[in-house]
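Taking it in order: structure first as structure tokens, then the write-up.
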Amino acid sequence: MNAIMLMVVGLGGLALGYIFYSRFIAEKIYQLDPDFRTPAHEFKDGVDYVPTNRLVLWGHHFTSVAGAAPIVGPAVAVIWGWGPAFVWVILGTIFFAGIHDFGAIWASTRNKAKSMGALTGDVVSARARSIFMIVIFLVLLMVNAVFAVVISNLLIAYPSAVLAVWGTIIVASIIGVIIYQQYTSLPLVTVVGVLSLYLMVGMGPVVPFEFPEMVGPLSNSATWILILFAYAFIASLLPVWVLLQPRDYINGIQLFIALGVLYGAVLLTGPTVVAPMFNTDVPAGTPSLIPLLFVTIACGAISGFHGLVASGTTSKQINRETDARFVGYFGSVGEGTLALATIIAASAGFATLGDWQAIYTSFGAGGVEAFVAGGARIISQGWGMSEEVAATLLAVMACLFAGTTMDTGIRLQRYIFQEWGQIYNIGWMRRNLPATVLAVGACLLLAFGAGGAEGAGGMLIWPLFGTTNQLLAGLTLLVITVILIHKGRPIIYTLAPLLFLLVMTIFALLVQLRTFFEAGDWFLFAVDVLVLVAAILVALECAASLRRHSAEVRRQS
Amino acid sequence: MPLDRHTIADWLRKATYVAEEVYSAPYRSAIARAKRDEDDLFMLMVFSEMMGVPNPASYYTLELQPLLLERFHDWHKRMGMEHSPLDHFKCC
């Protein structure tokens, strides 16, 4: 089959979802009101609450939610064939992610732009709020650990990417200082910054960098992981304008360019999909498709992380309530297109089925390297650039995404430790430095404990990350459902995804528990048990609060 | 529409606006909060002597007090004091 077909059907499906389904939800279920006074107007302060142009807000929302996860997940999941991954990404975006992100913005906007954590406490129960905090902590822990492993693997597989990945940090901090000191205007700096990024990508293959197999007592992947966490440690303590702000900005622009380049190349070459639609010959040790597919692809189909962005910053800047549909739902559609591009690259970017099978040798082995290798082949054929440069381009893109998520992730993790310091009155834990040490230490422990030092081994926690992310999404869907119950509107559109997610995550955790037990991997077994306990708590909370709130509404009427 | 100097200038202005919004919107609150923390420290420098904390620079900061009075109320509330900590200086 031709990849253009995949692209047209996929993008067409997403477009139909946006045009019809999201309009139905906006009009009948959430009942958006253009005259509703949004928090951005009600509490307008020029700082947190600022009515923002919906295109700008969409760009911000989309680039904050689209990280490396919609690349890694689908790229790993293609091992079961492109069919299941494709169907889950498209249907997931239309019926799960769109409703979730859109709903999170709507719920928060209708409740004084409170964050999802606070809303869980107010709308559902105080106990649900505590569970929410635990799940967020677990998600951040996993995302930081797994992304360090992803970047380290990429830097080892593509030594040509090292220059641009680290060079961007320097370029970003120069931009940060220039803009902060108002030396010159932003468009000029943008053009120079982006050009220097691509110059470094072009030069990468000329000046590759790689560590020897062993650096002292450490393997090369362990060395990269340590360097990455040392960087994240420093970056998360710096003021945001120095690095985080310009880095996010460059990253966002780079995302649009990369998507354009990749889809353009698919259109120009029309590569053939060599991967099977259903892979009946999966490598030994690959877990069963149901339920693992639904936790392997979290971002790109539905991700709880989005709810944090939607309710944390986006809802405070919504100009009109009706913008929530475009910003939230279309933001998910944006992420769906990134996941779709990944599926195309990882299934159509190889010359033969044999080449494809040579990369997908075991579960977790294909992953992001398959996306880079496949995408590079398509880009080099489409635009006529050397395959090495194209591979560098995509490897840099994935690394930058994972890197910015790590920066933010470690910072958020630090806030959680600081909040615990406050709650339990532990003086030293409230300070920046010790809290950051704890955050980095916890993530390092997980990265090494999960076998990150041996390279691909670290990817074993990927499905666990997906599971916790889905649990977070479940809690957000619960909040939206409870609000809908109180408003007396149909709840099936949020309840059905919620139930599906709960069943699949608990099922997946049990399957993995058995795998870890049989492999004698006691560290991951313990982590799995921890997440399983959280999952059961979430499920019980859902059942209890839905019954309680329905009874409450019945009593009142 | 003919492509004249005004049209290009207009586009450039729009591009600058959008770029600046995209750049600053996500981090507006984080930066404002950091700035407020610095300002709070400065307020402490200026008003410390009045609260019995010796400050060698108070001779110089004294003349800043009237300029910062407007911010005094917000500051002491933010510092966890419901009412003005100064006996002779009641703002609420």
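Identifiers in the structure tokens: chain A, B, ... in order shown; residue index from 1 per chain; ligand index from 1 in order shown.
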
Compile a residue-level contact table for chain A against chain B at a cut-off of 6 Å, reporting for every qualifying residue the shortest atom pair and its distance in Å to one decimal, with only C-alpha atoms counted, rows ordered by chain and ascending number, as CSV.
```
residue,atom,partner,partner_atom,distance
A:Val47,CA,B:Ser29,CA,5.0
A:Asp48,CA,B:Ser29,CA,5.0
A:Val56,CA,B:Val22,CA,5.9
A:Pro187,CA,B:Thr16,CA,5.9
A:Tyr249,CA,B:Tyr23,CA,6.0
```

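Among A:Thr392, A:Ser125, A:Thr322, A:Thr269, the residue with the shortest atom-to-atom distance to A:Gly204, counting only C-alpha atoms, is A:Thr392.
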
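Nearest residue to A:Ile416 among A:Val171, A:Leu141, A:Ala40, A:Leu289 is A:Leu141, counting only C-alpha atoms.
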
**Message:** According to DSSP computed on the backbone, where in chain B is there helix (DSSP H, G or I)? Give the residues as a ChimeraX atom specification.
**Reply:** /B:5-47,49-51,58-78
